[in-house]
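Shown next: target10.pdb, containing PDB, C-alpha atoms.
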```pdb
ATOM      1  CA  MET O  27    -192.039 142.214  -4.303
ATOM      2  CA  ALA O  28    -192.107 144.520  -1.295
ATOM      3  CA  ALA O  29    -190.620 148.012  -1.379
ATOM      4  CA  HIS O  30    -188.264 147.209   1.487
ATOM      5  CA  ASP O  31    -186.755 144.053  -0.115
ATOM      6  CA  PRO O  32    -183.050 144.623  -0.760
ATOM      7  CA  VAL O  33    -181.557 144.587  -4.248
ATOM      8  CA  THR O  34    -180.559 141.119  -5.384
ATOM      9  CA  PRO O  35    -176.974 140.479  -6.512
ATOM     10  CA  ARG O  36    -178.350 139.398  -9.893
ATOM     11  CA  GLN O  37    -180.156 142.740 -10.343
ATOM     12  CA  LEU O  38    -177.072 144.682  -9.337
ATOM     13  CA  ASP O  39    -174.866 142.728 -11.754
ATOM     14  CA  PHE O  40    -177.335 143.336 -14.578
ATOM     15  CA  ILE O  41    -177.482 147.056 -13.782
ATOM     16  CA  LYS O  42    -173.677 147.255 -13.861
ATOM     17  CA  GLN O  43    -173.591 145.464 -17.209
ATOM     18  CA  LEU O  44    -176.263 147.725 -18.717
ATOM     19  CA  ALA O  45    -174.669 150.912 -17.370
ATOM     20  CA  TYR O  46    -171.246 149.908 -18.696
ATOM     21  CA  SER O  47    -172.621 149.100 -22.145
ATOM     22  CA  ARG O  48    -174.393 152.477 -22.219
ATOM     23  CA  GLY O  49    -171.327 154.354 -20.994
ATOM     24  CA  ILE O  50    -173.016 155.916 -17.974
ATOM     25  CA  SER O  51    -172.660 155.849 -14.222
ATOM     26  CA  PHE O  52    -175.446 155.193 -11.740
ATOM     27  CA  ILE O  53    -176.353 155.447  -8.087
ATOM     28  CA  PRO O  54    -176.870 151.952  -6.693
ATOM     29  CA  PRO O  55    -180.543 151.322  -5.882
ATOM     30  CA  THR O  56    -181.520 150.535  -2.326
ATOM     31  CA  ASN O  57    -184.425 148.167  -3.011
ATOM     32  CA  ARG O  58    -185.792 145.814  -5.656
ATOM     33  CA  ILE O  59    -188.381 148.234  -7.001
ATOM     34  CA  GLN O  60    -185.788 150.949  -7.607
ATOM     35  CA  ALA O  61    -183.516 148.362  -9.224
ATOM     36  CA  SER O  62    -186.293 147.209 -11.524
ATOM     37  CA  GLN O  63    -187.074 150.801 -12.534
ATOM     38  CA  LEU O  64    -183.403 151.517 -13.185
ATOM     39  CA  ILE O  65    -183.091 148.390 -15.325
ATOM     40  CA  ASP O  66    -186.071 149.522 -17.406
ATOM     41  CA  GLN O  67    -184.553 152.993 -17.858
ATOM     42  CA  LEU O  68    -181.190 151.588 -18.867
ATOM     43  CA  LYS O  69    -182.753 149.190 -21.378
ATOM     44  CA  GLN O  70    -184.403 152.158 -23.130
ATOM     45  CA  ARG O  71    -181.075 153.930 -23.658
ATOM     46  CA  ASP O  72    -178.950 153.300 -26.739
ATOM     47  CA  ARG O  73    -175.659 151.510 -26.372
ATOM     48  CA  SER O  74    -172.580 153.689 -26.562
ATOM     49  CA  PRO O  75    -170.061 152.970 -29.297
ATOM     50  CA  ALA O  76    -167.261 150.752 -28.025
ATOM     51  CA  TYR O  77    -164.594 153.349 -28.743
ATOM     52  CA  GLU O  78    -166.287 155.887 -26.456
ATOM     53  CA  ILE O  79    -166.345 153.403 -23.603
ATOM     54  CA  ALA O  80    -162.716 152.430 -24.173
ATOM     55  CA  ALA O  81    -161.598 156.070 -24.412
ATOM     56  CA  ASP O  82    -163.436 156.989 -21.233
ATOM     57  CA  ARG O  83    -161.932 154.035 -19.360
ATOM     58  CA  GLU O  84    -158.420 154.876 -20.619
ATOM     59  CA  GLN O  85    -158.749 158.527 -19.598
ATOM     60  CA  THR O  86    -160.093 157.617 -16.167
ATOM     61  CA  SER O  87    -157.252 155.152 -15.609
ATOM     62  CA  ALA O  88    -154.691 157.753 -16.686
ATOM     63  CA  LEU O  89    -156.126 160.328 -14.280
ATOM     64  CA  ARG O  90    -155.969 157.863 -11.406
ATOM     65  CA  GLY O  91    -152.539 156.604 -12.414
ATOM     66  CA  GLU O  92    -153.656 152.985 -12.119
ATOM     67  CA  HIS O  93    -151.219 151.687 -14.729
ATOM     68  CA  THR O  94    -148.160 153.618 -13.637
ATOM     69  CA  PRO O  95    -146.184 152.778 -10.492
ATOM     70  CA  ALA O  96    -145.699 155.663  -8.091
ATOM     71  CA  SER O  97    -141.935 155.314  -8.470
ATOM     72  CA  THR O  98    -142.028 156.023 -12.224
ATOM     73  CA  PRO O  99    -140.359 159.370 -13.000
ATOM     74  CA  HIS O 100    -142.315 161.974 -14.940
ATOM     75  CA  GLU O 101    -141.042 163.180 -18.304
ATOM     76  CA  ASP O 102    -140.071 166.552 -16.860
ATOM     77  CA  GLU O 103    -137.896 164.916 -14.162
ATOM     78  CA  ILE O 104    -135.306 163.253 -16.398
ATOM     79  CA  ARG O 105    -133.039 164.352 -19.220
ATOM     80  CA  GLY O 106    -131.387 162.176 -21.827
ATOM     81  CA  TYR O 107    -132.135 158.632 -22.850
ATOM     82  CA  GLY O 108    -130.919 155.196 -21.859
ATOM     83  CA  SER O 109    -127.502 155.062 -20.212
ATOM     84  CA  SER O 110    -127.029 158.814 -20.671
ATOM     85  CA  ALA O 111    -130.264 159.691 -18.786
ATOM     86  CA  HIS O 112    -129.990 161.625 -15.520
ATOM     87  CA  TRP O 113    -132.169 163.631 -13.167
ATOM     88  CA  ARG O 114    -132.816 167.189 -14.369
ATOM     89  CA  ASN O 115    -131.968 168.727 -11.007
ATOM     90  CA  THR O 116    -128.508 167.103 -10.887
ATOM     91  CA  ARG O 117    -125.457 167.481 -13.061
ATOM     92  CA  PRO O 118    -124.599 164.682 -15.461
ATOM     93  CA  PRO O 119    -121.667 162.535 -14.314
ATOM     94  CA  ARG O 120    -118.274 163.701 -15.554
ATOM     95  CA  ARG O 121    -116.349 161.550 -17.944
ATOM     96  CA  ARG O 122    -113.096 160.203 -16.769
ATOM     97  CA  ASP O 123    -110.559 160.029 -19.586
TER      98      ASP O 123
END
```

Could the structure of this file be written out as structure tokens, please?
Amino acid sequence: MAAHDPVTPRQLDFIKQLAYSRGISFIPPTNRIQASQLIDQLKQRDRSPAYEIAADREQTSALRGEHTPASTPHEDEIRGYGSSAHWRNTRPPRRRD
């Protein structure tokens, strides 16, 4: 294995799997030797509890807004509930009796 040989897809997939199971991020290696060293380092680390990984993923998704469409109003933008809901910056419609 030469120092200039590029990382194999199999090594990169294994590194991703190990890093995810340990709950850490990593800088992608540039060659096979670095990848091999990183794999060895990751194998020595303890696995993170599943709830920590899930909580981190949920928080990251919430910060990026991946699960919420851009058109979804924020809680501070609307008032009321259901058919009586209206925008906070507008008056509610008047009832016609």

Reference answer for the PyMOL selection byres ((chain O and resi 37-48) around 8), as a list in words: Val33, Thr34, Pro35, Arg36, Gly49, Ile50, Ser51, Phe52, Pro54, Arg58, Ala61, Ser62, Leu64, Ile65, Leu68, Lys69, Arg71, Asp72, Arg73, Ser74 and Ile79 of chain O

Neighbour list for O:Pro32 as JSON, numbers by chain, cut-off 9 Å, all atoms listed in the file, skip fewer than 2 positions in-chain: {"O": [29, 30, 34, 55, 56, 57, 58, 59]}

Point-to-point distance from atom CA of O:His100 to atom CA of O:Arg121, Å rounded to tenths: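 Interatomic distance, atom CA of O:His100 to atom CA of O:Arg121: 26.1 Å.
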
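Note that the spacing between atom CA of O:Asp31 and atom CA of O:Gln60 amounts to 10.2 Å.
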
Residues matched by the PyMOL selection byres ((chain O and resi 102) around 12), written as a ChimeraX atom specification: /O:98-101,103-106,112-115

Between atom CA of O:Ile53 and atom CA of O:Glu84 - distance in Å to one decimal: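 A separation of 21.9 Å between them.
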